[in-house]
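A.B. asks: Okay, so here is target.tsv, and as you'll see once you scroll down, it has TSV, C-alpha atoms.
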```
chain	number	residue	atom	x	y	z
A	22	MET	CA	40.23	103.82	85.03
A	23	SER	CA	37.29	102.35	83.10
A	24	ASP	CA	34.91	104.27	80.87
A	25	ARG	CA	32.61	104.61	83.86
A	26	TRP	CA	33.36	108.00	85.41
A	27	ASP	CA	34.28	107.89	89.11
A	28	PRO	CA	34.87	111.49	90.25
A	29	ALA	CA	36.08	110.45	93.72
A	30	ALA	CA	38.66	108.04	92.34
A	31	PHE	CA	39.89	110.61	89.83
A	32	LYS	CA	40.14	113.28	92.53
A	33	ALA	CA	42.21	110.91	94.69
A	34	ARG	CA	44.63	110.37	91.80
A	35	VAL	CA	45.04	114.10	91.22
A	36	ASP	CA	45.34	114.82	94.94
A	37	GLY	CA	48.14	112.25	95.17
A	38	VAL	CA	50.04	113.81	92.28
A	39	LEU	CA	49.76	117.31	93.75
A	40	ARG	CA	50.61	116.26	97.29
A	41	ASN	CA	53.79	114.44	96.25
A	42	PHE	CA	54.87	117.15	93.81
A	43	LEU	CA	54.34	120.04	96.24
A	44	ASP	CA	55.86	118.18	99.18
A	45	GLU	CA	59.01	117.66	97.14
A	46	GLU	CA	59.12	121.31	96.03
A	47	ALA	CA	58.52	122.54	99.58
A	48	GLY	CA	61.45	120.39	100.69
A	49	HIS	CA	63.68	122.02	98.08
A	50	LEU	CA	62.75	125.46	99.43
A	51	VAL	CA	63.55	124.57	103.03
A	52	ALA	CA	66.85	123.05	101.90
A	53	VAL	CA	67.84	126.51	100.64
A	54	ASP	CA	67.24	128.03	104.08
A	55	THR	CA	65.07	127.00	107.02
A	56	ALA	CA	63.77	130.60	107.19
A	57	LEU	CA	61.71	129.68	104.13
A	58	ALA	CA	59.66	127.15	106.13
A	59	PRO	CA	56.50	129.36	106.31
A	60	VAL	CA	56.62	129.92	102.55
A	61	ALA	CA	57.18	126.22	101.95
A	62	GLY	CA	54.21	125.44	104.18
A	63	GLN	CA	51.91	127.68	102.16
A	64	LEU	CA	53.20	126.17	98.94
A	65	ARG	CA	52.55	122.67	100.27
A	66	ASN	CA	48.98	123.56	101.23
A	67	ALA	CA	48.15	125.73	98.20
A	68	ALA	CA	46.36	123.02	96.23
A	69	GLY	CA	44.90	121.14	99.17
A	70	HIS	CA	41.26	121.84	98.34
A	71	GLY	CA	38.94	121.65	95.39
A	72	LYS	CA	36.87	119.26	93.31
A	73	ARG	CA	39.60	118.98	90.64
A	74	LEU	CA	37.22	120.12	87.92
A	75	ARG	CA	39.97	121.65	85.79
A	76	ALA	CA	41.99	118.45	85.85
A	77	ALA	CA	38.84	116.48	85.03
A	78	PHE	CA	38.07	118.63	82.00
A	79	CYS	CA	41.63	118.16	80.74
A	80	TYR	CA	41.33	114.41	81.27
A	81	TRP	CA	38.09	114.16	79.31
A	82	GLY	CA	39.47	116.38	76.58
A	83	TRP	CA	42.02	113.60	76.16
A	84	ARG	CA	39.63	110.67	76.50
A	85	ALA	CA	36.98	112.14	74.18
A	86	ALA	CA	39.63	112.18	71.45
A	87	GLY	CA	39.97	108.40	71.73
A	88	GLN	CA	42.99	108.14	74.01
A	89	PRO	CA	43.11	105.59	76.86
A	90	ASP	CA	43.53	106.31	80.54
A	91	SER	CA	47.07	107.43	81.31
A	92	ASP	CA	48.94	108.25	84.51
A	93	ALA	CA	51.12	110.67	82.56
A	94	LEU	CA	48.03	112.49	81.34
A	95	VAL	CA	46.69	112.69	84.90
A	96	ARG	CA	49.95	114.39	85.91
A	97	ALA	CA	49.60	116.85	83.05
A	98	ALA	CA	45.96	117.44	83.99
A	99	ALA	CA	46.96	118.06	87.62
A	100	ALA	CA	49.00	121.02	86.38
A	101	MET	CA	45.66	122.75	85.66
A	102	GLU	CA	45.03	122.71	89.41
A	103	LEU	CA	48.32	124.50	90.08
A	104	VAL	CA	47.27	127.23	87.64
A	105	HIS	CA	44.10	127.53	89.70
A	106	ALA	CA	46.06	127.56	92.97
A	107	ALA	CA	48.25	130.38	91.64
A	108	ALA	CA	45.20	132.35	90.53
A	109	ILE	CA	43.60	131.94	93.96
A	110	VAL	CA	46.65	133.21	95.83
A	111	HIS	CA	46.88	136.26	93.59
A	112	ASP	CA	43.11	136.87	93.60
A	113	ASP	CA	42.89	136.71	97.40
A	114	LEU	CA	45.83	139.09	97.64
A	115	ILE	CA	44.31	141.58	95.18
A	116	ASP	CA	40.91	141.42	96.92
A	117	ASP	CA	42.44	141.35	100.42
A	118	SER	CA	40.24	138.35	101.19
A	119	ALA	CA	40.70	136.83	104.63
A	120	LEU	CA	39.15	133.39	104.08
A	121	ARG	CA	39.23	130.66	101.46
A	122	HIS	CA	37.67	127.24	102.12
A	123	GLY	CA	37.06	128.47	105.66
A	124	LEU	CA	40.81	128.88	106.29
A	125	PRO	CA	43.08	131.94	106.32
A	126	THR	CA	44.20	132.93	102.84
A	127	THR	CA	47.89	132.71	102.01
A	128	HIS	CA	48.79	136.31	102.82
A	129	VAL	CA	46.74	136.25	106.04
A	130	ALA	CA	48.34	132.99	107.19
A	131	LEU	CA	51.82	134.32	106.46
A	132	GLU	CA	51.08	137.54	108.31
A	133	ALA	CA	50.07	135.56	111.40
A	134	VAL	CA	53.35	133.63	111.31
A	135	LEU	CA	55.48	136.74	110.81
A	136	ALA	CA	53.63	138.73	113.47
A	137	GLY	CA	54.01	135.82	115.86
A	138	ASP	CA	57.76	135.95	115.31
A	139	GLY	CA	57.70	139.63	116.27
A	140	ARG	CA	58.48	140.90	112.80
A	141	ARG	CA	57.77	144.56	112.17
A	142	GLN	CA	55.65	145.38	109.11
A	143	ALA	CA	54.46	141.78	109.04
A	144	ARG	CA	51.51	142.66	106.78
A	145	THR	CA	53.66	144.17	104.04
A	146	ALA	CA	56.14	141.31	104.13
A	147	ALA	CA	53.37	138.70	104.13
A	148	ARG	CA	51.69	140.22	101.08
A	149	SER	CA	54.99	140.25	99.22
A	150	LEU	CA	55.66	136.63	100.12
A	151	ALA	CA	52.15	135.61	99.03
A	152	MET	CA	52.67	137.25	95.66
A	153	LEU	CA	55.83	135.17	95.23
A	154	VAL	CA	54.04	131.98	96.30
A	155	GLY	CA	51.48	132.62	93.56
A	156	ASP	CA	54.20	133.28	91.01
A	157	HIS	CA	55.99	130.09	91.99
A	158	LEU	CA	52.82	128.03	91.72
A	159	MET	CA	52.31	129.21	88.14
A	160	ALA	CA	55.90	128.27	87.31
A	161	LEU	CA	55.42	124.88	88.98
A	162	ALA	CA	52.29	124.29	86.89
A	163	GLY	CA	54.45	124.50	83.79
A	164	GLN	CA	57.07	122.26	85.35
A	165	LEU	CA	54.55	119.55	86.30
A	166	PHE	CA	53.01	119.73	82.82
A	167	THR	CA	56.29	119.38	80.93
A	168	THR	CA	57.62	116.61	83.21
A	169	SER	CA	54.37	114.65	83.19
A	170	GLY	CA	55.84	111.80	81.21
A	171	LEU	CA	53.89	112.46	78.01
A	172	PRO	CA	55.93	112.37	74.79
A	173	ALA	CA	57.55	115.66	73.83
A	174	ALA	CA	55.67	115.67	70.53
A	175	TYR	CA	52.35	115.53	72.41
A	176	LEU	CA	53.36	118.35	74.75
A	177	ALA	CA	54.44	120.50	71.81
A	178	ARG	CA	50.88	120.44	70.47
A	179	ALA	CA	49.63	122.29	73.56
A	180	ARG	CA	52.52	124.75	73.99
A	181	ASP	CA	50.88	127.68	72.22
A	182	LEU	CA	47.58	127.23	74.07
A	183	TRP	CA	49.37	127.14	77.41
A	184	ALA	CA	50.66	130.64	76.65
A	185	VAL	CA	47.15	131.77	75.65
A	186	LEU	CA	45.75	130.40	78.92
A	187	ALA	CA	48.20	132.46	80.98
A	188	ARG	CA	47.65	135.61	78.90
A	189	GLU	CA	43.87	135.47	79.05
A	190	LEU	CA	43.81	134.64	82.75
A	191	ILE	CA	45.94	137.73	83.44
A	192	ALA	CA	43.77	139.79	81.09
A	193	GLY	CA	40.63	138.75	82.98
A	194	GLU	CA	42.14	139.62	86.35
A	195	CYS	CA	43.26	143.00	85.00
A	196	LEU	CA	39.79	143.67	83.58
A	197	GLU	CA	38.21	142.96	86.95
A	198	ILE	CA	40.60	145.38	88.66
A	199	LEU	CA	39.97	148.08	86.04
A	200	HIS	CA	36.18	147.75	86.32
A	201	THR	CA	36.01	147.35	90.10
A	202	GLY	CA	34.15	150.30	91.60
A	203	GLY	CA	32.72	151.36	88.24
A	204	ARG	CA	29.15	151.59	87.03
A	205	PRO	CA	27.67	148.07	87.05
A	206	ASP	CA	27.13	146.71	83.54
A	207	THR	CA	26.13	143.15	82.65
A	208	ALA	CA	28.06	142.95	79.37
A	209	THR	CA	31.23	144.13	81.11
A	210	SER	CA	30.70	141.67	83.94
A	211	LEU	CA	30.27	138.78	81.54
A	212	LYS	CA	33.47	139.71	79.72
A	213	VAL	CA	35.34	139.64	83.03
A	214	VAL	CA	33.74	136.27	83.80
A	215	ARG	CA	34.80	134.85	80.44
A	216	TYR	CA	38.45	135.83	80.67
A	217	LYS	CA	39.07	135.63	84.40
A	218	THR	CA	37.39	132.29	85.05
A	219	ALA	CA	35.45	130.61	82.25
A	220	LYS	CA	38.29	129.95	79.86
A	221	TYR	CA	40.87	128.56	82.28
A	222	THR	CA	38.26	126.58	84.21
A	223	VAL	CA	36.64	124.63	81.37
A	224	GLU	CA	37.52	125.56	77.79
A	225	HIS	CA	41.31	125.68	78.03
A	226	PRO	CA	41.73	122.47	80.08
A	227	LEU	CA	39.47	120.64	77.60
A	228	LEU	CA	41.38	122.01	74.63
A	229	ILE	CA	44.74	121.23	76.19
A	230	GLY	CA	43.64	117.63	76.80
A	231	GLY	CA	42.39	117.46	73.24
A	232	LEU	CA	45.57	118.89	71.76
A	233	LEU	CA	47.70	116.46	73.78
A	234	ALA	CA	45.56	113.67	72.33
A	235	GLY	CA	45.72	114.95	68.76
A	236	ALA	CA	42.00	115.83	68.62
A	237	PRO	CA	40.78	117.04	65.22
A	238	THR	CA	39.61	120.62	64.73
A	239	THR	CA	35.93	119.64	64.69
A	240	LEU	CA	36.20	118.08	68.15
A	241	ARG	CA	38.14	121.05	69.49
A	242	ASP	CA	35.37	123.32	68.17
A	243	THR	CA	32.92	121.23	70.20
A	244	TYR	CA	35.07	121.72	73.29
A	245	THR	CA	34.83	125.48	72.86
A	246	ALA	CA	31.07	125.36	72.21
A	247	TYR	CA	30.69	123.36	75.43
A	248	GLY	CA	33.42	124.94	77.51
A	249	LEU	CA	32.79	128.67	77.18
A	250	PRO	CA	29.12	128.75	78.23
A	251	LEU	CA	29.74	126.19	80.96
A	252	GLY	CA	32.70	128.15	82.34
A	253	GLU	CA	30.56	131.28	82.43
A	254	ALA	CA	27.78	129.39	84.22
A	255	PHE	CA	30.32	128.15	86.76
A	256	GLN	CA	31.38	131.69	87.69
A	257	LEU	CA	27.81	133.01	87.68
A	258	ARG	CA	26.98	130.31	90.24
A	259	ASP	CA	30.02	131.39	92.23
A	260	ASP	CA	28.78	135.00	92.24
A	261	LEU	CA	25.37	133.90	93.53
A	262	LEU	CA	26.94	131.79	96.25
A	263	GLY	CA	29.19	134.69	97.20
A	264	LEU	CA	26.19	136.72	98.34
A	265	PHE	CA	23.46	134.16	98.98
A	266	GLY	CA	25.47	131.10	99.99
A	267	ASP	CA	26.12	129.89	103.51
A	268	PRO	CA	29.64	131.01	104.54
A	269	GLU	CA	29.95	127.78	106.54
A	270	ARG	CA	29.68	125.91	103.24
A	271	THR	CA	31.32	128.34	100.84
A	272	GLY	CA	34.25	129.08	103.14
A	273	LYS	CA	34.17	132.74	102.04
A	274	ALA	CA	32.97	135.94	103.65
A	275	GLY	CA	29.56	136.88	102.21
A	276	LEU	CA	30.33	140.59	102.14
A	277	ASP	CA	33.54	140.42	100.09
A	278	ASP	CA	31.98	141.31	96.74
A	279	LEU	CA	30.12	144.27	98.22
A	280	ARG	CA	33.13	145.62	100.11
A	281	ALA	CA	35.25	145.43	96.98
A	282	HIS	CA	32.43	146.68	94.70
A	283	ARG	CA	33.35	143.95	92.23
A	284	PRO	CA	31.83	143.95	88.76
A	285	THR	CA	29.64	140.86	89.15
A	286	ALA	CA	26.72	140.09	86.86
A	287	LEU	CA	24.49	139.78	89.92
A	288	LEU	CA	25.23	143.37	90.93
A	289	ALA	CA	24.85	144.56	87.33
A	290	GLU	CA	21.45	142.90	86.98
A	291	THR	CA	20.36	144.47	90.26
A	292	TRP	CA	21.56	147.91	89.18
A	293	GLN	CA	19.85	147.68	85.81
A	294	ALA	CA	16.47	146.88	87.40
A	295	ALA	CA	16.78	149.41	90.24
A	296	ASP	CA	15.07	152.79	90.30
A	297	VAL	CA	16.79	156.00	91.45
A	298	SER	CA	16.14	155.48	95.16
A	299	GLN	CA	17.20	151.83	95.03
A	300	ARG	CA	20.43	152.77	93.30
A	301	GLU	CA	21.08	155.27	96.07
A	302	ARG	CA	20.68	152.47	98.58
A	303	LEU	CA	23.22	150.41	96.69
A	304	ARG	CA	25.64	153.34	96.46
A	305	GLY	CA	25.45	153.65	100.22
A	306	VAL	CA	26.75	150.10	100.65
A	307	LEU	CA	29.15	149.37	97.80
A	308	GLY	CA	32.83	149.76	98.58
A	309	ARG	CA	32.40	150.33	102.32
A	310	SER	CA	34.83	148.62	104.68
A	311	ASP	CA	32.50	148.62	107.70
A	312	LEU	CA	29.76	146.39	106.32
A	313	ASP	CA	28.01	143.93	108.61
A	314	GLY	CA	25.24	141.34	108.52
A	315	THR	CA	22.55	144.01	108.45
A	316	HIS	CA	23.96	145.46	105.23
A	317	LEU	CA	24.15	141.99	103.71
A	318	ARG	CA	20.49	141.30	104.51
A	319	GLU	CA	19.45	144.65	103.04
A	320	VAL	CA	21.27	144.01	99.77
A	321	ARG	CA	19.95	140.46	99.57
A	322	ASP	CA	16.41	141.72	100.11
A	323	LEU	CA	16.82	144.38	97.42
A	324	MET	CA	18.26	141.89	94.94
A	325	ALA	CA	15.43	139.47	95.64
A	326	GLU	CA	12.86	142.27	95.28
A	327	LEU	CA	14.29	143.14	91.87
A	328	LYS	CA	14.50	139.45	90.88
A	329	ALA	CA	18.20	139.73	90.02
A	330	PRO	CA	19.05	136.25	91.39
A	331	GLN	CA	16.34	134.70	89.22
A	332	ARG	CA	17.78	136.36	86.12
A	333	VAL	CA	21.26	135.10	86.95
A	334	GLU	CA	19.80	131.62	87.51
A	335	ARG	CA	18.30	131.87	84.02
A	336	MET	CA	21.71	132.83	82.62
A	337	ILE	CA	23.19	129.75	84.28
A	338	HIS	CA	20.44	127.46	83.01
A	339	ASP	CA	20.68	128.76	79.45
A	340	ARG	CA	24.45	128.34	79.37
A	341	VAL	CA	24.36	124.81	80.73
A	342	GLU	CA	21.77	123.91	78.11
A	343	ARG	CA	23.95	125.35	75.34
A	344	ALA	CA	26.95	123.44	76.64
A	345	THR	CA	25.26	120.06	76.84
A	346	ARG	CA	23.51	120.57	73.50
A	347	ALA	CA	26.92	121.13	71.90
A	348	LEU	CA	27.97	117.67	73.11
A	349	ASP	CA	24.86	116.02	71.70
A	350	ASP	CA	25.00	117.85	68.38
A	351	ALA	CA	28.64	116.89	67.81
A	352	GLY	CA	28.18	113.18	68.44
A	353	THR	CA	30.80	113.05	71.21
A	354	PRO	CA	31.69	109.44	72.22
A	355	PRO	CA	29.10	108.19	74.77
A	356	PRO	CA	31.46	107.71	77.76
A	357	ALA	CA	32.91	111.19	77.30
A	358	ARG	CA	29.47	112.71	76.75
A	359	ARG	CA	28.18	111.13	79.98
A	360	ALA	CA	31.20	112.30	81.95
A	361	LEU	CA	31.07	115.84	80.56
A	362	ARG	CA	27.35	116.11	81.26
A	363	GLU	CA	28.05	114.99	84.84
A	364	LEU	CA	30.83	117.55	85.14
A	365	ALA	CA	28.52	120.27	83.85
A	366	GLN	CA	26.08	119.48	86.64
A	367	GLN	CA	28.84	119.26	89.24
A	368	ALA	CA	30.26	122.64	88.18
A	369	THR	CA	26.99	124.54	88.29
A	370	ASP	CA	24.54	122.74	90.57
A	371	ARG	CA	26.45	123.25	93.81
A	372	ILE	CA	26.12	124.87	97.23
A	373	HIS	CA	29.80	125.80	97.69
```
Reformat the file's structure so that it appears as structure tokens.

C.D. replies:
Amino acid sequence: MSDRWDPAAFKARVDGVLRNFLDEEAGHLVAVDTALAPVAGQLRNAAGHGKRLRAAFCYWGWRAAGQPDSDALVRAAAAMELVHAAAIVHDDLIDDSALRHGLPTTHVALEAVLAGDGRRQARTAARSLAMLVGDHLMALAGQLFTTSGLPAAYLARARDLWAVLARELIAGECLEILHTGGRPDTATSLKVVRYKTAKYTVEHPLLIGGLLAGAPTTLRDTYTAYGLPLGEAFQLRDDLLGLFGDPERTGKAGLDDLRAHRPTALLAETWQAADVSQRERLRGVLGRSDLDGTHLREVRDLMAELKAPQRVERMIHDRVERATRALDDAGTPPPARRALRELAQQATDRIH
């Protein structure tokens, strides 16, 4: 790959790594017992979607440190996508989400298979199996990373950060669970965003790529100055799309965040600006299981009336500006700076 960034070509490389790796692992599962075929199928399909942003950030963490293109590094970077796949399976299970990318989520797909086979308590069994699929994906991420073909001395540089990535991802998920259903608060929401999504989406992949490459501390500091605000902007965009996006494009149900009463910054900004009667209207919707399109329109109208989406858009804009300014201020190599600026736009200026 030349210094000119070709996102489609890079995505094809990562897709190929993941497809071959997961096909092989799915085959190992079925070889244990053919009854594992539904689980193997979900494992095979777990990383079938996505723009491969996390892998791209890892790749440019490596390249910005002066290292050349490397197939072994692409394999290591692809492991970031398996971390994401594991997080998605667990997140959908925790939230009881039915759709992801317009398709049944792992636990829903497994339930359909088990129910079709006439199994009693198919839902309980399917949820247990999905949990194990997520666990296995996280383990496979480590396996793909350590067998990428990079020298052991390079991999050792990133070992400690790999453990931090897993710890902080779990911490963020736990924080979201603990604050779900609570009083909306923007500072709390942003802390959840930082630990549940921002770090493992941008900062940690960049830093892992940099550590593999032997990047100096000053460059790694730049990665954090760029990665944290950009990762937060990425999730803030996701929250906006969750309520205001087109489900045909997002592949998610628009009411999920309201049904679950999740601690999003969008909800917190709405709550903060609402008067007593408006808060009562919100209380009448949040956490209900019987929500429909009428409820969604009412909440959208209220949020728009209170200008909450505009404030979240400002948060996104400010964070993207901080991220790209960090690249310019640090004198990042021009090819890496161009690619990382492009990735910043791709991560935050999207419709799904």

A.B. asks: Compute the distance from (33.8, 143.5, 92.4) to each atom, counting all atoms listed in the file, keep the residues with any atom at most 9 Å away, and return them as a PyMOL selection string; use the coordinates of the file.

C.D. replies: chain A and resi 116+197-198+200-203+277-285+288+308

A.B. asks: Could you tell me how far atom CA of Gly275 of chain A sits from atom CA of Gly263 of chain A, in Å to one decimal place?

C.D. replies: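 If I compute the distance from atom CA of Gly263 of chain A to atom CA of Gly275 of chain A, I get 5.5 Å.
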
A.B. asks: Quote the spacing between atom CA of Tyr216 of chain A and atom CA of Pro356 of chain A in Å to one decimal place.

C.D. replies: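 That distance, rounded to one decimal, is 29.1 Å.
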
A.B. asks: Of the candidates A:Pro226, A:Gly266, A:Gly155, A:Pro237, which shows the shortest atom-to-atom distance to Gly252 of chain A, using only C-alpha atoms?

C.D. replies: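 Closest to Gly252 of chain A, using only C-alpha atoms: A:Pro226.
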
A.B. asks: Which one is closest to Ala219 of chain A: A:Arg141, A:Arg309, A:Arg371, A:Arg75? Count all atoms listed in the file.

C.D. replies: A:Arg75

A.B. asks: Using only C-alpha atoms, determine which residues lie at most 12 Å from Ala208 of chain A, disregarding the query and same-chain residues fewer than 2 positions distant; provide the list as number ranges by chain.

C.D. replies: A: 200, 204-206, 210-215, 284-290, 293

A.B. asks: When you count only C-alpha atoms, which of these residues is closest to Arg65 of chain A: A:Ser149, A:Ser169, A:Thr291, A:Asn41?

C.D. replies: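 Smallest distance to Arg65 of chain A is found for A:Asn41.
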
A.B. asks: Pick out the residues sitting within 7 Å of Tyr247 of chain A, and hand them over as a list in words; count only C-alpha atoms, and ignore anything fewer than 2 positions along from it in its own chain.

C.D. replies: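 Surrounding residues, per the criterion: Thr243, Tyr244, Thr245, Leu249, Pro250, Leu251, Ala344, Thr345, Ala347 and Leu348 of chain A.
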
A.B. asks: Nearest to Pro59 of chain A: which of A:Trp26, A:Ala108, A:Ala77, A:Ala130 is it, counting only C-alpha atoms?

C.D. replies: A:Ala130

A.B. asks: I want to know what sits within 12 Å of Arg335 of chain A, based on only C-alpha atoms, with residues of the same chain fewer than 4 positions away left out; could you give that as a ChimeraX atom specification?

C.D. replies: /A:254,257-258,287,290,328-331,339-342

A.B. asks: Please produce a file of those selected residues containing C-alpha atoms, as a PDB file, keeping the file's coordinate frame.

C.D. replies:
```pdb
ATOM      1  CA  ALA A 254      27.780 129.390  84.220  1.00  0.00           C
ATOM      2  CA  LEU A 257      27.810 133.010  87.680  1.00  0.00           C
ATOM      3  CA  ARG A 258      26.980 130.310  90.240  1.00  0.00           C
ATOM      4  CA  LEU A 287      24.490 139.780  89.920  1.00  0.00           C
ATOM      5  CA  GLU A 290      21.450 142.900  86.980  1.00  0.00           C
ATOM      6  CA  LYS A 328      14.500 139.450  90.880  1.00  0.00           C
ATOM      7  CA  ALA A 329      18.200 139.730  90.020  1.00  0.00           C
ATOM      8  CA  PRO A 330      19.050 136.250  91.390  1.00  0.00           C
ATOM      9  CA  GLN A 331      16.340 134.700  89.220  1.00  0.00           C
ATOM     10  CA  ASP A 339      20.680 128.760  79.450  1.00  0.00           C
ATOM     11  CA  ARG A 340      24.450 128.340  79.370  1.00  0.00           C
ATOM     12  CA  VAL A 341      24.360 124.810  80.730  1.00  0.00           C
ATOM     13  CA  GLU A 342      21.770 123.910  78.110  1.00  0.00           C
TER      14      GLU A 342
END
```

A.B. asks: Is it possible to add N, CA, C and O atoms to segment 198-212 of chain A and hand it back as a CSV table (one decimal), keeping the file's coordinate frame?

C.D. replies:
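Writing the result to result_33.csv gives the following:
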```csv
chain,number,residue,atom,x,y,z
A,198,ILE,N,40.0,144.3,87.9
A,198,ILE,CA,40.6,145.4,88.7
A,198,ILE,C,40.2,146.7,88.0
A,198,ILE,O,39.8,147.6,88.7
A,199,LEU,N,40.3,146.8,86.7
A,199,LEU,CA,40.0,148.1,86.0
A,199,LEU,C,38.5,148.5,86.2
A,199,LEU,O,38.2,149.6,86.2
A,200,HIS,N,37.6,147.5,86.3
A,200,HIS,CA,36.2,147.8,86.3
A,200,HIS,C,35.6,147.7,87.7
A,200,HIS,O,34.5,148.1,87.9
A,201,THR,N,36.5,147.3,88.7
A,201,THR,CA,36.0,147.4,90.1
A,201,THR,C,35.7,148.8,90.5
A,201,THR,O,36.5,149.7,90.3
A,202,GLY,N,34.5,149.0,91.1
A,202,GLY,CA,34.2,150.3,91.6
A,202,GLY,C,33.4,151.1,90.5
A,202,GLY,O,33.0,152.2,90.8
A,203,GLY,N,33.4,150.6,89.3
A,203,GLY,CA,32.7,151.4,88.2
A,203,GLY,C,31.2,151.1,88.2
A,203,GLY,O,30.7,150.4,89.0
A,204,ARG,N,30.6,151.7,87.2
A,204,ARG,CA,29.2,151.6,87.0
A,204,ARG,C,28.8,150.1,86.6
A,204,ARG,O,29.4,149.6,85.7
A,205,PRO,N,28.0,149.5,87.4
A,205,PRO,CA,27.7,148.1,87.0
A,205,PRO,C,27.1,147.9,85.7
A,205,PRO,O,26.2,148.7,85.3
A,206,ASP,N,27.6,146.9,84.9
A,206,ASP,CA,27.1,146.7,83.5
A,206,ASP,C,27.2,145.2,83.3
A,206,ASP,O,28.3,144.6,83.4
A,207,THR,N,26.1,144.6,82.8
A,207,THR,CA,26.1,143.2,82.6
A,207,THR,C,27.1,142.7,81.6
A,207,THR,O,27.8,141.7,81.8
A,208,ALA,N,27.2,143.4,80.4
A,208,ALA,CA,28.1,143.0,79.4
A,208,ALA,C,29.5,143.0,79.8
A,208,ALA,O,30.3,142.1,79.5
A,209,THR,N,29.9,144.0,80.6
A,209,THR,CA,31.2,144.1,81.1
A,209,THR,C,31.5,143.0,82.1
A,209,THR,O,32.6,142.4,82.1
A,210,SER,N,30.5,142.7,83.0
A,210,SER,CA,30.7,141.7,83.9
A,210,SER,C,30.9,140.3,83.3
A,210,SER,O,31.7,139.5,83.7
A,211,LEU,N,30.1,140.1,82.2
A,211,LEU,CA,30.3,138.8,81.5
A,211,LEU,C,31.6,138.6,80.8
A,211,LEU,O,32.1,137.5,80.7
A,212,LYS,N,32.1,139.8,80.3
A,212,LYS,CA,33.5,139.7,79.7
A,212,LYS,C,34.5,139.4,80.8
A,212,LYS,O,35.4,138.6,80.5
```
